[in-house]
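Colleague: This is the content of run03.tsv (TSV, C-alpha atoms):
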```tsv
chain	number	residue	atom	x	y	z
A	1	MET	CA	0.00	0.00	0.00
A	2	LYS	CA	1.41	3.38	-1.05
A	3	ILE	CA	0.60	6.01	1.56
A	4	LEU	CA	0.74	9.80	1.40
A	5	LEU	CA	0.87	11.57	4.77
A	6	VAL	CA	0.25	15.32	4.71
A	7	GLY	CA	1.93	17.47	7.36
A	8	SER	CA	5.27	18.39	8.87
A	9	GLY	CA	5.07	18.38	12.68
A	10	GLY	CA	5.72	16.09	15.62
A	11	ARG	CA	2.30	14.53	15.14
A	12	GLU	CA	3.17	13.58	11.56
A	13	HIS	CA	6.57	12.20	12.60
A	14	ALA	CA	4.83	9.91	15.11
A	15	LEU	CA	2.13	8.93	12.61
A	16	GLY	CA	4.75	8.35	9.94
A	17	LEU	CA	6.70	5.95	12.14
A	18	GLY	CA	3.50	4.07	12.93
A	19	LEU	CA	2.48	3.85	9.28
A	20	TYR	CA	5.96	2.83	8.15
A	21	ALA	CA	6.14	0.06	10.77
A	22	ASP	CA	3.03	-1.65	9.36
A	23	PRO	CA	4.05	-4.36	6.84
A	24	ALA	CA	1.03	-3.34	4.76
A	25	CYS	CA	2.84	-0.07	3.94
A	26	SER	CA	4.97	-0.64	0.84
A	27	SER	CA	6.10	2.99	0.53
A	28	LEU	CA	5.53	6.12	2.58
A	29	HIS	CA	5.49	9.62	1.11
A	30	VAL	CA	5.17	12.71	3.33
A	31	ALA	CA	4.43	16.28	2.26
A	32	PRO	CA	6.16	18.45	3.24
A	33	GLY	CA	7.66	16.37	6.05
A	34	ASN	CA	10.67	17.28	8.18
A	35	PRO	CA	14.26	16.10	8.73
A	36	GLY	CA	13.16	13.38	11.16
A	37	ILE	CA	10.54	11.95	8.82
A	38	SER	CA	12.98	12.05	5.89
A	39	GLU	CA	15.05	9.32	7.55
A	40	PHE	CA	12.45	6.69	6.62
A	41	ALA	CA	10.03	8.34	4.15
A	42	GLN	CA	10.24	10.24	0.88
A	43	CYS	CA	9.45	13.91	1.46
A	44	HIS	CA	7.84	16.23	-1.09
A	45	GLN	CA	7.67	20.00	-0.80
A	46	LEU	CA	4.21	21.47	-1.27
A	47	ASP	CA	1.81	24.01	0.13
A	48	ILE	CA	-0.58	22.14	2.44
A	49	SER	CA	-3.18	24.87	2.00
A	50	SER	CA	-3.39	24.02	-1.71
A	51	ASN	CA	-5.85	21.22	-2.40
A	52	ALA	CA	-4.64	21.08	-6.01
A	53	GLU	CA	-1.03	20.40	-4.98
A	54	ILE	CA	-2.04	17.64	-2.56
A	55	VAL	CA	-4.30	15.97	-5.12
A	56	ALA	CA	-1.64	16.21	-7.83
A	57	LEU	CA	0.94	14.54	-5.60
A	58	ALA	CA	-1.46	11.76	-4.59
A	59	LEU	CA	-2.12	11.03	-8.27
A	60	LYS	CA	1.57	11.25	-9.19
A	61	ILE	CA	2.68	8.64	-6.64
A	62	GLY	CA	-0.42	6.47	-7.10
A	63	ALA	CA	-1.43	6.73	-3.44
A	64	ASP	CA	-3.67	3.98	-2.10
A	65	LEU	CA	-4.32	5.95	1.08
A	66	VAL	CA	-3.94	9.62	1.97
A	67	VAL	CA	-3.70	10.55	5.66
A	68	ILE	CA	-4.28	14.24	6.40
A	69	GLY	CA	-2.48	15.44	9.53
A	70	PRO	CA	-3.24	19.18	9.98
A	71	GLU	CA	-6.62	20.88	10.24
A	72	VAL	CA	-6.17	23.49	7.49
A	73	PRO	CA	-6.36	21.15	4.45
A	74	LEU	CA	-9.29	19.32	6.07
A	75	VAL	CA	-11.28	22.51	6.60
A	76	ASN	CA	-10.32	23.45	3.03
A	77	GLY	CA	-12.04	20.28	1.80
A	78	VAL	CA	-9.10	18.34	0.37
A	79	ALA	CA	-10.66	15.06	1.48
A	80	ASP	CA	-13.65	15.73	-0.81
A	81	ASP	CA	-11.38	16.40	-3.79
A	82	LEU	CA	-9.48	13.15	-3.21
A	83	ARG	CA	-12.60	11.05	-2.69
A	84	ARG	CA	-14.05	12.32	-5.97
A	85	LEU	CA	-11.04	10.62	-7.59
A	86	LYS	CA	-11.76	7.36	-5.70
A	87	ILE	CA	-8.67	7.75	-3.50
A	88	ALA	CA	-9.10	6.44	0.06
A	89	VAL	CA	-8.68	9.26	2.60
A	90	PHE	CA	-8.31	9.22	6.36
A	91	GLY	CA	-9.78	12.60	7.21
A	92	PRO	CA	-13.25	14.19	7.28
A	93	SER	CA	-15.02	16.05	4.49
A	94	LYS	CA	-15.13	19.83	4.46
A	95	ALA	CA	-18.62	19.73	5.94
A	96	ALA	CA	-17.65	17.33	8.74
A	97	ALA	CA	-14.41	19.23	9.44
A	98	GLN	CA	-16.55	22.16	10.59
A	99	LEU	CA	-16.59	20.41	13.97
A	100	GLU	CA	-13.18	22.04	14.36
A	101	GLY	CA	-13.56	24.83	11.83
A	102	SER	CA	-16.45	26.43	13.75
A	103	LYS	CA	-17.00	26.09	17.48
A	104	THR	CA	-20.55	27.35	17.03
A	105	PHE	CA	-21.26	24.54	14.59
A	106	ALA	CA	-19.79	22.01	17.01
A	107	LYS	CA	-22.05	23.32	19.76
A	108	GLU	CA	-25.09	22.98	17.50
A	109	VAL	CA	-24.23	19.36	16.64
A	110	MET	CA	-23.62	18.55	20.31
A	111	SER	CA	-26.99	20.03	21.20
A	112	ASP	CA	-28.78	17.95	18.58
A	113	ALA	CA	-26.85	14.81	19.58
A	114	GLY	CA	-27.44	15.28	23.31
A	115	VAL	CA	-23.72	15.47	24.04
A	116	PRO	CA	-22.88	17.22	27.34
A	117	THR	CA	-20.83	20.41	27.01
A	118	ALA	CA	-20.40	23.85	28.59
A	119	HIS	CA	-23.18	26.42	28.23
A	120	SER	CA	-22.10	29.04	25.71
A	121	ILE	CA	-23.07	32.18	23.80
A	122	THR	CA	-21.85	33.03	20.29
A	123	CYS	CA	-21.12	36.75	19.89
A	124	THR	CA	-20.44	39.04	16.94
A	125	THR	CA	-20.79	42.49	18.53
A	126	GLN	CA	-19.18	44.36	21.42
A	127	GLU	CA	-22.48	44.51	23.27
A	128	GLU	CA	-23.01	40.75	22.94
A	129	CYS	CA	-19.48	40.09	24.21
A	130	GLU	CA	-19.97	42.29	27.27
A	131	LYS	CA	-23.27	40.64	28.10
A	132	ALA	CA	-21.84	37.11	27.70
A	133	LEU	CA	-18.83	37.86	29.90
A	134	ASP	CA	-21.16	39.19	32.60
A	135	THR	CA	-23.45	36.18	32.24
A	136	PHE	CA	-20.73	33.59	32.92
A	137	GLY	CA	-18.30	35.59	35.07
A	138	PRO	CA	-14.70	34.66	35.83
A	139	PRO	CA	-12.74	32.62	35.01
A	140	TYR	CA	-13.64	33.75	31.49
A	141	VAL	CA	-13.44	31.26	28.63
A	142	VAL	CA	-13.24	33.03	25.27
A	143	LYS	CA	-12.80	31.08	22.02
A	144	ASP	CA	-12.30	32.28	18.49
A	145	ASP	CA	-15.06	30.57	16.51
A	146	GLY	CA	-12.71	29.64	13.66
A	147	LEU	CA	-9.25	28.11	13.26
A	148	ALA	CA	-6.53	30.01	15.09
A	149	GLY	CA	-3.50	27.72	15.01
A	150	GLY	CA	-3.88	26.65	18.63
A	151	LYS	CA	-3.94	30.27	19.84
A	152	GLY	CA	-7.64	31.05	19.68
A	153	VAL	CA	-8.60	30.25	23.27
A	154	VAL	CA	-8.11	32.53	26.28
A	155	VAL	CA	-8.94	31.37	29.80
A	156	THR	CA	-8.43	34.19	32.29
A	157	SER	CA	-9.83	35.90	35.36
A	158	ASN	CA	-8.84	39.26	33.85
A	159	ARG	CA	-11.98	40.72	32.28
A	160	LYS	CA	-10.09	43.19	30.10
A	161	GLU	CA	-7.89	40.42	28.68
A	162	ALA	CA	-10.99	38.34	27.96
A	163	PHE	CA	-12.82	41.28	26.39
A	164	ASP	CA	-9.85	42.29	24.23
A	165	HIS	CA	-9.53	38.76	22.89
A	166	ALA	CA	-13.26	38.62	22.17
A	167	LEU	CA	-13.12	41.88	20.20
A	168	ALA	CA	-10.14	40.60	18.18
A	169	CYS	CA	-12.27	37.71	16.85
A	170	LYS	CA	-14.72	38.09	13.98
A	171	ARG	CA	-17.06	35.68	15.74
A	172	VAL	CA	-16.42	34.42	19.25
A	173	VAL	CA	-17.80	31.76	21.60
A	174	ILE	CA	-17.91	32.73	25.27
A	175	GLU	CA	-18.78	29.92	27.66
A	176	GLU	CA	-18.91	28.77	31.25
A	177	TYR	CA	-15.70	27.57	32.88
A	178	LEU	CA	-15.68	23.82	33.47
A	179	VAL	CA	-14.10	22.70	36.75
A	180	GLY	CA	-12.25	19.40	36.63
A	181	PRO	CA	-9.20	17.71	35.13
A	182	GLU	CA	-8.90	17.77	31.35
A	183	VAL	CA	-8.51	14.64	29.24
A	184	SER	CA	-8.00	14.03	25.53
A	185	LEU	CA	-9.77	11.01	24.09
A	186	PHE	CA	-9.58	10.20	20.38
A	187	GLY	CA	-11.95	8.14	18.30
A	188	ILE	CA	-11.19	6.57	14.90
A	189	SER	CA	-14.29	6.51	12.71
A	190	ASP	CA	-15.29	5.09	9.34
A	191	GLY	CA	-18.47	7.19	9.21
A	192	THR	CA	-20.62	4.60	10.96
A	193	SER	CA	-18.46	2.92	13.60
A	194	ILE	CA	-16.02	4.62	15.94
A	195	LEU	CA	-13.23	3.06	18.01
A	196	ALA	CA	-12.18	4.87	21.18
A	197	MET	CA	-8.45	5.09	21.80
A	198	GLN	CA	-7.03	5.16	25.32
A	199	PRO	CA	-7.07	8.56	27.01
A	200	ALA	CA	-4.15	10.96	27.28
A	201	GLN	CA	-3.58	14.25	29.06
A	202	ASP	CA	-1.69	17.20	27.65
A	203	PHE	CA	-0.29	20.34	29.24
A	204	LYS	CA	-1.25	23.61	27.56
A	205	ARG	CA	0.43	26.24	29.74
A	206	ALA	CA	4.00	27.21	28.91
A	207	SER	CA	5.49	26.87	32.38
A	208	ASP	CA	5.53	24.50	35.36
A	209	ASN	CA	2.51	24.38	37.67
A	210	ASP	CA	0.23	25.35	34.77
A	211	VAL	CA	1.19	29.02	34.64
A	212	GLY	CA	2.11	31.17	31.68
A	213	PRO	CA	0.40	31.60	28.29
A	214	ASN	CA	-1.58	28.89	26.52
A	215	THR	CA	0.44	26.95	23.96
A	216	GLY	CA	-0.19	24.22	21.43
A	217	GLY	CA	0.89	21.73	24.11
A	218	MET	CA	4.09	21.34	26.16
A	219	GLY	CA	3.84	17.62	26.83
A	220	ALA	CA	1.50	14.69	27.34
A	221	TYR	CA	1.23	11.24	28.87
A	222	SER	CA	-0.82	8.07	28.64
A	223	PRO	CA	-2.43	6.04	30.14
A	224	LEU	CA	-4.07	7.94	33.01
A	225	PRO	CA	-3.89	5.82	36.18
A	226	TRP	CA	-6.08	8.29	38.09
A	227	ALA	CA	-8.92	8.44	35.57
A	228	PRO	CA	-12.23	6.63	36.16
A	229	SER	CA	-12.04	3.00	35.06
A	230	ASP	CA	-15.02	3.49	32.74
A	231	ILE	CA	-13.79	6.69	31.06
A	232	ILE	CA	-13.37	5.06	27.64
A	233	GLU	CA	-16.76	3.36	27.71
A	234	ASP	CA	-18.45	6.42	29.19
A	235	THR	CA	-16.97	8.78	26.58
A	236	TYR	CA	-17.88	6.38	23.79
A	237	LYS	CA	-21.52	6.24	24.93
A	238	GLN	CA	-21.99	9.91	25.82
A	239	VAL	CA	-19.80	11.63	23.25
A	240	LEU	CA	-18.20	9.68	20.42
A	241	ALA	CA	-21.05	7.41	19.30
A	242	PRO	CA	-23.75	10.14	19.46
A	243	MET	CA	-21.57	12.55	17.47
A	244	ILE	CA	-20.91	9.99	14.72
A	245	ALA	CA	-24.60	9.08	14.58
A	246	GLU	CA	-25.65	12.75	14.38
A	247	MET	CA	-23.12	13.58	11.65
A	248	SER	CA	-24.33	10.59	9.63
A	249	ALA	CA	-27.96	11.61	10.12
A	250	ARG	CA	-27.10	15.07	8.76
A	251	GLY	CA	-25.76	13.50	5.58
A	252	THR	CA	-22.17	14.46	6.42
A	253	PRO	CA	-20.64	11.27	7.86
A	254	PHE	CA	-17.44	11.77	9.83
A	255	ILE	CA	-14.52	9.69	8.53
A	256	GLY	CA	-11.24	10.16	10.31
A	257	LEU	CA	-10.03	11.07	13.79
A	258	LEU	CA	-12.46	12.78	16.16
A	259	TYR	CA	-10.53	14.37	19.02
A	260	ALA	CA	-12.65	15.01	22.10
A	261	GLY	CA	-11.20	17.43	24.62
A	262	LEU	CA	-12.98	16.62	27.86
A	263	ALA	CA	-13.39	18.00	31.36
A	264	LEU	CA	-14.15	15.46	34.09
A	265	THR	CA	-16.48	17.57	36.23
A	266	ASP	CA	-18.43	16.74	39.37
A	267	HIS	CA	-21.45	16.38	37.07
A	268	GLY	CA	-19.72	13.95	34.70
A	269	VAL	CA	-17.90	14.21	31.38
A	270	ARG	CA	-18.27	17.52	29.51
A	271	VAL	CA	-16.85	18.30	26.07
A	272	ILE	CA	-14.54	21.31	25.96
A	273	GLU	CA	-13.89	21.15	22.22
A	274	PHE	CA	-13.54	18.88	19.22
A	275	ASN	CA	-10.68	18.64	16.77
A	276	VAL	CA	-10.93	16.64	13.57
A	277	ARG	CA	-7.40	15.22	13.44
A	278	PHE	CA	-4.80	13.60	15.65
A	279	GLY	CA	-3.83	15.95	18.47
A	280	ASP	CA	-0.33	17.20	19.11
A	281	PRO	CA	1.41	16.25	21.45
A	282	GLU	CA	-0.94	13.43	22.51
A	283	THR	CA	-0.21	11.53	19.29
A	284	GLN	CA	3.44	11.27	20.33
A	285	VAL	CA	2.45	9.13	23.33
A	286	LEU	CA	-0.48	7.21	21.84
A	287	ILE	CA	1.08	5.93	18.61
A	288	PRO	CA	4.15	4.38	20.34
A	289	LEU	CA	1.76	2.48	22.65
A	290	LEU	CA	-0.61	1.25	19.92
A	291	LYS	CA	-0.02	-2.39	18.95
A	292	THR	CA	-2.68	-2.49	16.22
A	293	PRO	CA	-0.97	-1.95	12.81
A	294	LEU	CA	-1.63	1.71	12.01
A	295	ALA	CA	-1.69	1.72	8.20
A	296	THR	CA	-4.17	-1.16	8.11
A	297	LEU	CA	-6.31	0.52	10.79
A	298	LEU	CA	-6.51	3.88	9.00
A	299	TYR	CA	-7.18	2.22	5.64
A	300	LYS	CA	-10.09	0.31	7.19
A	301	ALA	CA	-11.48	3.59	8.53
A	302	ALA	CA	-11.09	5.22	5.12
A	303	THR	CA	-12.94	2.36	3.41
A	304	ALA	CA	-15.88	1.86	5.83
A	305	ASP	CA	-14.48	-1.38	7.23
A	306	LEU	CA	-13.96	-0.83	10.98
A	307	ALA	CA	-16.90	-2.87	12.28
A	308	ASP	CA	-14.93	-5.90	13.53
A	309	THR	CA	-11.72	-4.09	14.50
A	310	VAL	CA	-10.44	-4.07	18.09
A	311	LEU	CA	-7.61	-1.81	19.22
A	312	GLU	CA	-4.69	-3.43	21.06
A	313	TRP	CA	-2.29	-1.53	23.32
A	314	ARG	CA	1.11	-2.13	24.86
A	315	ASP	CA	1.05	-2.62	28.62
A	316	ASP	CA	3.37	0.36	29.08
A	317	SER	CA	3.27	4.08	29.81
A	318	ALA	CA	4.53	6.94	27.65
A	319	VAL	CA	5.49	10.52	28.49
A	320	THR	CA	6.41	13.17	25.93
A	321	VAL	CA	8.09	16.47	26.78
A	322	VAL	CA	8.23	19.34	24.28
A	323	LEU	CA	11.42	21.31	23.73
A	324	ALA	CA	10.33	24.84	22.82
A	325	ALA	CA	12.29	27.65	21.22
A	326	GLU	CA	13.12	30.80	23.15
A	327	GLY	CA	10.16	33.21	23.10
A	328	TYR	CA	7.52	30.54	22.43
A	329	PRO	CA	4.54	30.90	22.08
A	330	HIS	CA	4.38	34.63	21.33
A	331	ALA	CA	7.66	35.25	19.46
A	332	PRO	CA	9.66	32.04	19.00
A	333	GLN	CA	13.29	32.52	17.98
A	334	ARG	CA	14.18	30.54	14.87
A	335	GLY	CA	17.59	29.56	13.57
A	336	GLY	CA	19.19	28.15	16.72
A	337	GLN	CA	21.40	25.11	16.20
A	338	ILE	CA	20.32	21.83	17.78
A	339	SER	CA	22.91	19.45	19.21
A	340	GLU	CA	23.14	15.79	18.35
A	341	PHE	CA	20.54	13.60	20.03
A	342	PRO	CA	21.34	11.18	22.84
A	343	THR	CA	20.73	7.48	22.28
A	344	ILE	CA	18.62	6.12	25.13
A	345	GLU	CA	16.69	2.87	25.01
A	346	ASN	CA	12.91	3.28	24.77
A	347	VAL	CA	13.14	6.95	23.85
A	348	GLN	CA	11.77	8.38	20.60
A	349	ILE	CA	12.55	11.93	19.50
A	350	PHE	CA	9.98	13.45	17.16
A	351	HIS	CA	10.81	16.47	15.02
A	352	ALA	CA	8.25	19.29	15.07
A	353	GLY	CA	9.86	22.60	14.10
A	354	THR	CA	13.22	21.66	12.60
A	355	THR	CA	15.05	22.11	9.32
A	356	LEU	CA	18.48	21.35	7.90
A	357	ASN	CA	20.98	23.88	6.65
A	358	GLY	CA	24.74	23.89	6.04
A	359	LYS	CA	25.42	23.91	9.78
A	360	GLY	CA	23.18	20.96	10.58
A	361	LEU	CA	19.83	20.76	12.34
A	362	ILE	CA	18.27	24.09	13.33
A	363	ALA	CA	15.04	25.25	14.96
A	364	SER	CA	12.40	26.50	12.53
A	365	GLY	CA	9.30	26.64	14.74
A	366	GLY	CA	8.06	27.28	18.25
A	367	ARG	CA	7.74	23.69	19.36
A	368	VAL	CA	10.98	22.17	18.11
A	369	LEU	CA	11.07	18.57	19.35
A	370	SER	CA	8.89	16.12	21.28
A	371	VAL	CA	10.90	13.67	23.36
A	372	THR	CA	8.93	10.55	24.30
A	373	GLY	CA	9.99	8.05	26.93
A	374	ILE	CA	8.34	4.65	27.26
A	375	GLY	CA	8.45	2.58	30.44
A	376	ALA	CA	6.68	0.05	32.60
A	377	ASP	CA	5.06	2.93	34.50
A	378	LEU	CA	4.91	6.72	34.32
A	379	THR	CA	7.94	7.16	36.59
A	380	GLU	CA	10.15	5.10	34.30
A	381	ALA	CA	8.74	6.78	31.18
A	382	ARG	CA	9.32	10.25	32.69
A	383	ASP	CA	12.87	9.38	33.69
A	384	ARG	CA	13.74	8.33	30.16
A	385	ALA	CA	12.11	11.35	28.54
A	386	TYR	CA	13.79	13.84	30.87
A	387	ARG	CA	17.20	12.16	30.70
A	388	ALA	CA	17.04	12.47	26.93
A	389	ILE	CA	15.75	16.03	26.69
A	390	SER	CA	18.30	17.27	29.25
A	391	GLN	CA	21.06	16.18	26.86
A	392	ILE	CA	19.74	18.15	23.88
A	393	SER	CA	21.18	21.62	23.44
A	394	LEU	CA	19.37	24.52	21.74
A	395	PRO	CA	20.30	28.07	22.86
A	396	GLY	CA	17.49	29.73	24.79
A	397	SER	CA	15.19	26.72	24.59
A	398	PHE	CA	13.05	25.54	27.49
A	399	TYR	CA	10.75	22.73	28.59
A	400	ARG	CA	8.43	22.01	31.47
A	401	SER	CA	9.83	19.84	34.25
A	402	ASP	CA	6.48	18.64	35.62
A	403	ILE	CA	4.91	16.70	32.74
A	404	ALA	CA	3.04	13.70	34.28
A	405	LEU	CA	4.71	14.36	37.65
A	406	ASN	CA	1.58	14.35	39.81
A	407	ALA	CA	0.18	11.32	38.00
A	408	ALA	CA	3.47	9.43	38.46
A	409	VAL	CA	3.56	10.24	42.18
A	410	ALA	CA	-0.05	9.16	42.60
A	411	GLU	CA	0.60	5.97	40.65
A	412	LYS	CA	3.50	5.08	42.95
A	413	GLY	CA	1.32	5.84	45.96
A	414	ASN	CA	-1.21	3.26	44.84
```
Here is the file; what I need is its structure written in the form of structure tokens.
Modeller:
Amino acid sequence: MKILLVGSGGREHALGLGLYADPACSSLHVAPGNPGISEFAQCHQLDISSNAEIVALALKIGADLVVIGPEVPLVNGVADDLRRLKIAVFGPSKAAAQLEGSKTFAKEVMSDAGVPTAHSITCTTQEECEKALDTFGPPYVVKDDGLAGGKGVVVTSNRKEAFDHALACKRVVIEEYLVGPEVSLFGISDGTSILAMQPAQDFKRASDNDVGPNTGGMGAYSPLPWAPSDIIEDTYKQVLAPMIAEMSARGTPFIGLLYAGLALTDHGVRVIEFNVRFGDPETQVLIPLLKTPLATLLYKAATADLADTVLEWRDDSAVTVVLAAEGYPHAPQRGGQISEFPTIENVQIFHAGTTLNGKGLIASGGRVLSVTGIGADLTEARDRAYRAISQISLPGSFYRSDIALNAAVAEKGN
């Protein structure tokens, strides 16, 4: 099976390794890819916002399966263009991708499907924003209705900060603050069936103890030893299955990865948001733990053949820690040289924002690397990840020191 993977980040590096490891994958092409992916796949330079370029490359290489990593080409409708040419695609249609492309749309679908979520108000005027902020009070949760590259959400007790962010958005969703730990739970769907993956937790704030600005994610871990034992079954019944059924009933079946960001509140599971693709950095812990062959799994999803599939997982834990460039997330410094990587057993280093020049490997993005340790428990996985990342040099770079720390301590206590 010839596979084309679209994207260039740490998520795509992890997905690429998983796809390449499946014997069903005869050749792997990645566009545009990165220096890490290029070690095992053929990379092609293209503009991922151009449907025409993606389609042309898929036809040129004779792709049997196209896996779309980022949200932009999905919201642009590239999956529709590929399917019209009878090419199997893992990724939702333009209509279904609106679950991420518009938070208002996602709220409407959740309402119709009976999926529990935060109460919210969609605003387009200054007066509406002021009224919504007063209705819910602090902490204020203000979300750009559209795509914002992971920077569209502000959670703050500062009303002026919340109001300024609301005014900067063309359309904004203001909602109640959900109290409870956050969990990411992914579902792989063929439009009718959906398979729940094991849960992960990511860390959005830039600094230790969950302070600092929101980021695209500074680390993640899985599994979650503290989570309710029925979290997968409960999320499947309350969230994933109803959403897939509702999207199908609307005539826009969801094929691909449905990412449910959840809050575990005193009143039960509540959906914070949906994404329509593998999340980053959660993918960097989930794919290394997945035993089910990935290429075969995603092809089955793309061809409406998931009904009898069961996911299998390694009996291990994984922790990923993100190495970020100086100034991230507001003004990341690019061009810094990255040292050679350490070689540590059961550690995988995923490239996110890197490029090669005459001097070697340099930083080209805000999140530069994701370093994933795998171990028998979270303590062992953390130790491996942190030993590895501490040996990587990039001037001015930083990383959080507390990824999965509380969960590891609690796990040892049990």
Colleague: Near Phe203 of chain A, within 6 Å and counting all atoms listed in the file, which residues show up once chain neighbours fewer than 6 positions away are dropped, as a ChimeraX atom specification?
Modeller: /A:217-219
Colleague: Just give me the gap between atom CA of Ile244 of chain A and atom CA of Val155 of chain A in Å, one decimal is fine.
Modeller: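 One can read the atom CA of Ile244 of chain A to atom CA of Val155 of chain A distance as 28.8 Å.
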Colleague: What does the structure give for the distance between atom CA of Glu100 of chain A and atom CA of Ile272 of chain A, in Å to one decimal?
Modeller: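 It comes out at 11.7 Å.
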Colleague: My list of candidates is A:Ala24, A:Ala408, A:Leu311, A:Ala96. Which is closest to Arg250 of chain A when distances are computed with all atoms listed in the file?
Modeller: A:Ala96
Colleague: If we count only C-alpha atoms and set the cut-off at 12 Å, which residues sit around Asp315 of chain A, ignoring sequence neighbours fewer than 3 positions away in its own chain? Please answer as a list in words.
Modeller: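 What passes the distance filter is Gln198, Ser222, Pro223, Pro288, Leu289, Leu290, Lys291, Glu312, Ala318, Ile374, Gly375, Ala376, Asp377 and Leu378 of chain A.
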Colleague: For atom CA of Ala196 of chain A and atom CA of Val368 of chain A, determine how far apart the two atoms are, in Å to one decimal place.
Modeller: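 Between these atoms lies a distance of 29.1 Å.
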Colleague: I need every residue sitting at most 8 Å from the point (1.9, 15.4, 14.4) (coordinates as in the file, only C-alpha atoms considered), written as a ChimeraX atom specification.
Modeller: /A:7-15,69-70,278-281,283-284,352
Colleague: Quick one: residues within 9 Å of Leu405 of chain A, all atoms listed in the file, excluding same-chain residues fewer than 5 positions away - as a list of chain:residue names?
Modeller: A:Leu378, A:Thr379, A:Arg382, A:Ala410
Colleague: May I ask which of the residues A:Val154, A:Ile3, A:Leu306, A:Ile61 is the closest one to Asp22 of chain A, counting all atoms listed in the file?
Modeller: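 Of A:Val154, A:Ile3, A:Leu306, A:Ile61, the one nearest Asp22 of chain A is A:Ile3, counting all atoms listed in the file.
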Colleague: For each of A:Gly335, A:Gly251, A:Gly396, A:Pro329, take the minimum atom-to-atom distance to Pro213 of chain A, counting only C-alpha atoms, then give the residue where this is smallest.
Modeller: A:Pro329
Colleague: Would you kindly identify which residues have an atom no farther than 8 Å from (-5.8, 24.6, 9.3), using only C-alpha atoms and the file's own coordinates, and write them out as a VMD selection string?
Modeller: chain A and resid 49 70 to 76 147 to 149
Colleague: Taking C-alpha atoms for each residue, export the selection above as a CSV table (one decimal), in the frame of the given file.
Modeller:
```csv
chain,number,residue,atom,x,y,z
A,49,SER,CA,-3.2,24.9,2.0
A,70,PRO,CA,-3.2,19.2,10.0
A,71,GLU,CA,-6.6,20.9,10.2
A,72,VAL,CA,-6.2,23.5,7.5
A,73,PRO,CA,-6.4,21.2,4.4
A,74,LEU,CA,-9.3,19.3,6.1
A,75,VAL,CA,-11.3,22.5,6.6
A,76,ASN,CA,-10.3,23.4,3.0
A,147,LEU,CA,-9.2,28.1,13.3
A,148,ALA,CA,-6.5,30.0,15.1
A,149,GLY,CA,-3.5,27.7,15.0
```
Colleague: Which residue out of A:Ile403, A:Ala88, A:Val142, A:Val183 has the minimum interatomic distance to Ala295 of chain A when all atoms listed in the file are used?
Modeller: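 Checking each of A:Ile403, A:Ala88, A:Val142, A:Val183 against Ala295 of chain A, counting all atoms listed in the file, the winner is A:Ala88.
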Colleague: Using all atoms listed in the file, find the one residue out of A:Gln238, A:Thr354, A:Gln126, A:Gln45 that sits nearest to Ala260 of chain A.
Modeller: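 Of A:Gln238, A:Thr354, A:Gln126, A:Gln45, the one nearest Ala260 of chain A is A:Gln238, counting all atoms listed in the file.
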Colleague: Considering only C-alpha atoms, can you say which of A:Ala325, A:Ser27, A:Thr265, A:Ala95 comes closest to Leu369 of chain A?
Modeller: A:Ala325
Colleague: Extract, using all atoms listed in the file, all DNA, RNA and protein residues at most 12 Å from Thr296 of chain A, discarding same-chain residues fewer than 5 positions from it, and format them as a PDB file with C-alpha atoms, in the frame of the given file.
Modeller:
```pdb
ATOM      1  CA  MET A   1       0.000   0.000   0.000  1.00  0.00           C
ATOM      2  CA  LYS A   2       1.410   3.380  -1.050  1.00  0.00           C
ATOM      3  CA  ILE A   3       0.600   6.010   1.560  1.00  0.00           C
ATOM      4  CA  GLY A  18       3.500   4.070  12.930  1.00  0.00           C
ATOM      5  CA  LEU A  19       2.480   3.850   9.280  1.00  0.00           C
ATOM      6  CA  TYR A  20       5.960   2.830   8.150  1.00  0.00           C
ATOM      7  CA  ALA A  21       6.140   0.060  10.770  1.00  0.00           C
ATOM      8  CA  ASP A  22       3.030  -1.650   9.360  1.00  0.00           C
ATOM      9  CA  PRO A  23       4.050  -4.360   6.840  1.00  0.00           C
ATOM     10  CA  ALA A  24       1.030  -3.340   4.760  1.00  0.00           C
ATOM     11  CA  CYS A  25       2.840  -0.070   3.940  1.00  0.00           C
ATOM     12  CA  SER A  26       4.970  -0.640   0.840  1.00  0.00           C
ATOM     13  CA  ASP A  64      -3.670   3.980  -2.100  1.00  0.00           C
ATOM     14  CA  LEU A  65      -4.320   5.950   1.080  1.00  0.00           C
ATOM     15  CA  VAL A  67      -3.700  10.550   5.660  1.00  0.00           C
ATOM     16  CA  PHE A  90      -8.310   9.220   6.360  1.00  0.00           C
ATOM     17  CA  LYS A 291      -0.020  -2.390  18.950  1.00  0.00           C
ATOM     18  CA  ALA A 301     -11.480   3.590   8.530  1.00  0.00           C
ATOM     19  CA  ALA A 302     -11.090   5.220   5.120  1.00  0.00           C
ATOM     20  CA  THR A 303     -12.940   2.360   3.410  1.00  0.00           C
ATOM     21  CA  ASP A 305     -14.480  -1.380   7.230  1.00  0.00           C
ATOM     22  CA  LEU A 306     -13.960  -0.830  10.980  1.00  0.00           C
ATOM     23  CA  THR A 309     -11.720  -4.090  14.500  1.00  0.00           C
ATOM     24  CA  LEU A 311      -7.610  -1.810  19.220  1.00  0.00           C
TER      25      LEU A 311
END
```
Colleague: So that I can see what lies close to Gly91 of chain A, please list as a ChimeraX atom specification the residues with an atom at most 8 Å from it, counting all atoms listed in the file and leaving out residues fewer than 4 positions away in the same chain.
Modeller: /A:67-68,74,79,255-257,276-277,302
